[in-house]
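For reference, the structure discussed in these notes is given below.
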Amino acid sequence: MTARVAVVTGATRGIGAAVVHRLAWAGWSVVAVDRCADDPRLDYPLATRRQLTALAEAHPDTVLPVVADVQDPAALRSAVAFAASSFGRLDAAVGAAAVMSGGKPLWDMDDRQWEALFDIDVRGVANLARAAVPALLRRPRPRSGRFVTLASSAAHHGMTQLAGYNAAMHAVVGLIKGLAHDLRGSGITATAVSPGSTRTDMLTETARLYGLDTVELFADHQPLGRLLAPNEVAAVVTWLCGADSAAVNGTVIHADGGFVP
């Protein structure tokens, strides 16, 4: 059986890296995409080239690294073309690139922070869809292509001093709902996964914005009674990439430990 092929953005850390690992362990070939550079609009460090290289080295010949920014449509088109030329096809695209910013009421939020949230968290998903969907549509019928993106419990639940992030994640959910209708009858589905508080660098930044000493305090939001592990959320994303998820389309899976009722 020919290995299925995925492109994953935001691949170097957190849930994105966990998705790459799980897909590779499940026999997929993956092009792992990350910017690997900091953003001057943000107050915390992003992933590095060394981390992306280490991720690929954990799965020789199965995971190929590509340095590309989701804000650059041409770079994403090149990454998708690289996946198709390297592995012969594309079966899924996963948008895991996202950033956190906030810590102030909406009226005091810096314009650059707002722009970073929408440029990366929203436009980045749209850029991936515009690059990947044409490649998915080139597969012969009957198709079973998958477009999956990470949203957040913040898309469904207001959070103090994170109105910009709330708005960006809500936009991601709306984008997925519209994309699924654009893909009607094509055999390609579009879905989102909304994690709760997950032990990632983004959650560490959220704790800093709130002036908290530890991320563990976020566990109280979730009836599960603990923080989620990136691998747990990645398990849901990986399932959505597979053939068994064909009935799930244009909607959100809440992988949030019960945070959103």
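Scheme for the structure tokens: letters A, B, ... for chains in order shown; per-chain residue numbers from 1; ligand numbers from 1 in order shown.
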
Could you pull out the strand (DSSP E or B) residues of segment 19-261 of chain A, going by DSSP on the backbone, and write them as a PyMOL selection string?
chain A and resi 29-34+63-67+92-95+146-150+189-195+198+228+252-255

One-decimal distance in Å that lies between atom CA of Thr206 of chain A and atom CA of Gly164 of chain A:
13.0 Å

So that I can check the secondary structure, give me every residue of segment 7-146 of chain A assigned alpha helix (DSSP H) by backbone DSSP, as number ranges by chain.
A: 14-25, 49-57, 73-87, 111-116, 123-137

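The nearest approach to Asn249 of chain A among the residues A:Ala171, A:Glu205, A:Ser197, A:Arg146, with only C-alpha atoms taken into account, belongs to A:Arg146.
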
With distances taken over only C-alpha atoms, which of A:Ala26, A:Leu42, A:Val31, A:Ile188 is nearest to Arg112 of chain A?
A:Leu42

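Considering only C-alpha atoms, the residue among A:His254, A:Arg35, A:Arg41, A:His59 positioned nearest to Leu23 of chain A is A:His59.
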
What lies within 10 Å of Leu52 of chain A using only C-alpha atoms, ignoring chain neighbours under 3 positions off, as a VMD selection string?
chain A and resid 10 to 13 17 32 to 36 47 to 49 55 to 57 64 to 67

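Residues lying within 10 Å of Ser101 of chain A, counting only C-alpha atoms and ignoring same-chain neighbours fewer than 6 positions away, are Arg41, Leu42, Asp43, Tyr44, Met109, Asp110, Arg112, Gln113, Trp114, Ala116, Leu117, Gln161, Leu162, Ala163, Gly164, Tyr165, Met202, Glu205, Thr206 and Leu209 of chain A.
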
Which neighbours of Val125 of chain A fall inside 12 Å, counting only C-alpha atoms, when residues of the same chain fewer than 4 positions from it are skipped, and could you give them as a ChimeraX atom specification?
/A:8-10,69-73,76,93-98,117-121,129-133,147-151,168-169,171-176,179,190-192

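Taking only C-alpha atoms into account, Ser152 of chain A lies nearest to A:Ser194 out of the set A:Ser245, A:Ser194, A:Thr200, A:Thr62.
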
What's the separation between atom CA of Val63 of chain A and atom CA of Val236 of chain A, in Å to one decimal place?
19.8 Å

Can you pull out the residues contacting Thr2 of chain A? Cut-off 10 Å, using only C-alpha atoms, and skip same-chain residues under 5 positions away; I want them as a PyMOL selection string.
chain A and resi 27-29+87-89

Any idea what's packed within 9 Å of Ala229 of chain A, counting only C-alpha atoms, ignoring anything in its chain fewer than 5 positions away? Could you give it as a PyMOL selection string?
chain A and resi 14-15+197-200+234

Selection from above, N, CA, C and O atoms, as a CSV table (one decimal), in the first residue's frame, can you write it?
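Full text of selection.csv as output:
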```
chain,number,residue,atom,x,y,z
A,14,GLY,N,4.9,21.5,20.2
A,14,GLY,CA,3.5,21.3,20.7
A,14,GLY,C,2.7,20.3,20.0
A,14,GLY,O,3.2,19.3,19.6
A,15,ILE,N,1.5,20.7,19.7
A,15,ILE,CA,0.5,19.8,19.1
A,15,ILE,C,1.0,19.5,17.7
A,15,ILE,O,0.8,18.4,17.2
A,197,SER,N,-6.8,23.4,27.5
A,197,SER,CA,-5.5,23.8,28.0
A,197,SER,C,-4.5,22.6,27.9
A,197,SER,O,-4.7,21.6,28.5
A,198,THR,N,-3.6,22.8,27.0
A,198,THR,CA,-2.6,21.7,26.6
A,198,THR,C,-1.2,22.1,26.9
A,198,THR,O,-0.9,23.3,26.7
A,199,ARG,N,-0.4,21.2,27.4
A,199,ARG,CA,0.9,21.5,27.9
A,199,ARG,C,1.8,21.9,26.7
A,199,ARG,O,2.5,21.0,26.2
A,200,THR,N,1.8,23.1,26.3
A,200,THR,CA,2.6,23.6,25.2
A,200,THR,C,3.3,24.9,25.5
A,200,THR,O,3.0,25.5,26.5
A,234,ALA,N,-3.3,15.4,19.3
A,234,ALA,CA,-2.8,14.9,18.1
A,234,ALA,C,-3.4,13.6,17.6
A,234,ALA,O,-3.6,13.3,16.4
```

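Proximity of A:Val260, A:Ala126, A:Gly102, A:Ala68 to Phe82 of chain A, computed with only C-alpha atoms, is greatest for A:Ala68.
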
Rank A:His181, A:Arg208, A:Arg123, A:Arg143 by their smallest atom-to-atom distance to Ala246 of chain A, using only C-alpha atoms, and report the top residue only.
A:Arg143
